[in-house]
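Report on the structure given below.
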Amino acid sequence: MENEQAVLALAALAQPTRMQAFRTLVQHEPDGLPAGELARLLEVPQNTLSAHLSVLARAGLVSSIRHSRSIVYRADLTQFREVALFLLQDCCGGRPEVCAPVIASLTPCCPPKRKEKSRV
């Protein structure tokens, strides 16, 4: 990731409504949310949210797909991971013991469930 892309992503998140929109979309992964539902949850007008979602999309943090008459938005967790990794890339000048607590705190609160093997 280049500095410019990281700055664009961080700038997109540096606004309260956009930050809350992104966090709400993360909570609704992998299904995403229709734009109208997201606007209702955030209690913002749909046209205002549309502008905010455009900024997040230009930064690569959200994607959208049209389903019939609605547009469903999803958080792009891969891009967000790239931003986080970019920030930690040169973590602590190569001293992993200093970065260990930071890395440990990034462990997801809800790790993916393991798929159970079906018995035949």
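Going by the structure tokens order, chains are called A, B, ..., each with residues numbered from 1, while ligands are numbered from 1 in the order shown.
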Q: Please run DSSP on the backbone and report, as a VMD selection string, all residues within segment 30-104 of chain A that come out as helix (DSSP H, G or I).
A: chain A and resid 35 to 42 46 to 58 77 to 88 91 to 94 96 to 104
Q. Any idea what's packed within 12 Å of Ala21 of chain A, counting only C-alpha atoms, ignoring anything in its chain fewer than 3 positions away? Could you give it as a PyMOL selection string?
A. chain A and resi 12-18+24-28+32-35+37-44+48-57+61-62+73-75
Q: Could you give me the residues within chain A that DSSP places in strand (DSSP E or B), as a VMD selection string?
A: chain A and resid 33 to 34 62 to 67 70 to 75
Q. Between atom CA of Val72 of chain A and atom CA of Phe86 of chain A, what is the spacing in Å?
A.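 Atom CA of Val72 of chain A lies 28.0 Å from atom CA of Phe86 of chain A.
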Q) Near Asn3 of chain A, within 12 Å and counting only C-alpha atoms, which residues show up once chain neighbours fewer than 6 positions away are dropped, as a list in words? A)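 Neighbouring residues, sequence-local ones excluded: Ala9, Leu10, Ala11, Glu82, Val83, Phe86, Leu87 and Gln89 of chain A.
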**Q.** Residue nearest Gln79 of chain A - candidates A:Met19, A:Cys99, A:Leu106, A:Leu8, atoms counted: only C-alpha atoms
**A.**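 Going through A:Met19, A:Cys99, A:Leu106, A:Leu8 one by one, the smallest distance to Gln79 of chain A is for A:Leu8.
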Q | Point-to-point distance from atom CA of Glu4 of chain A to atom CA of Phe22 of chain A, Å rounded to tenths | A |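 Separation of atom CA of Glu4 of chain A and atom CA of Phe22 of chain A: 19.9 Å.
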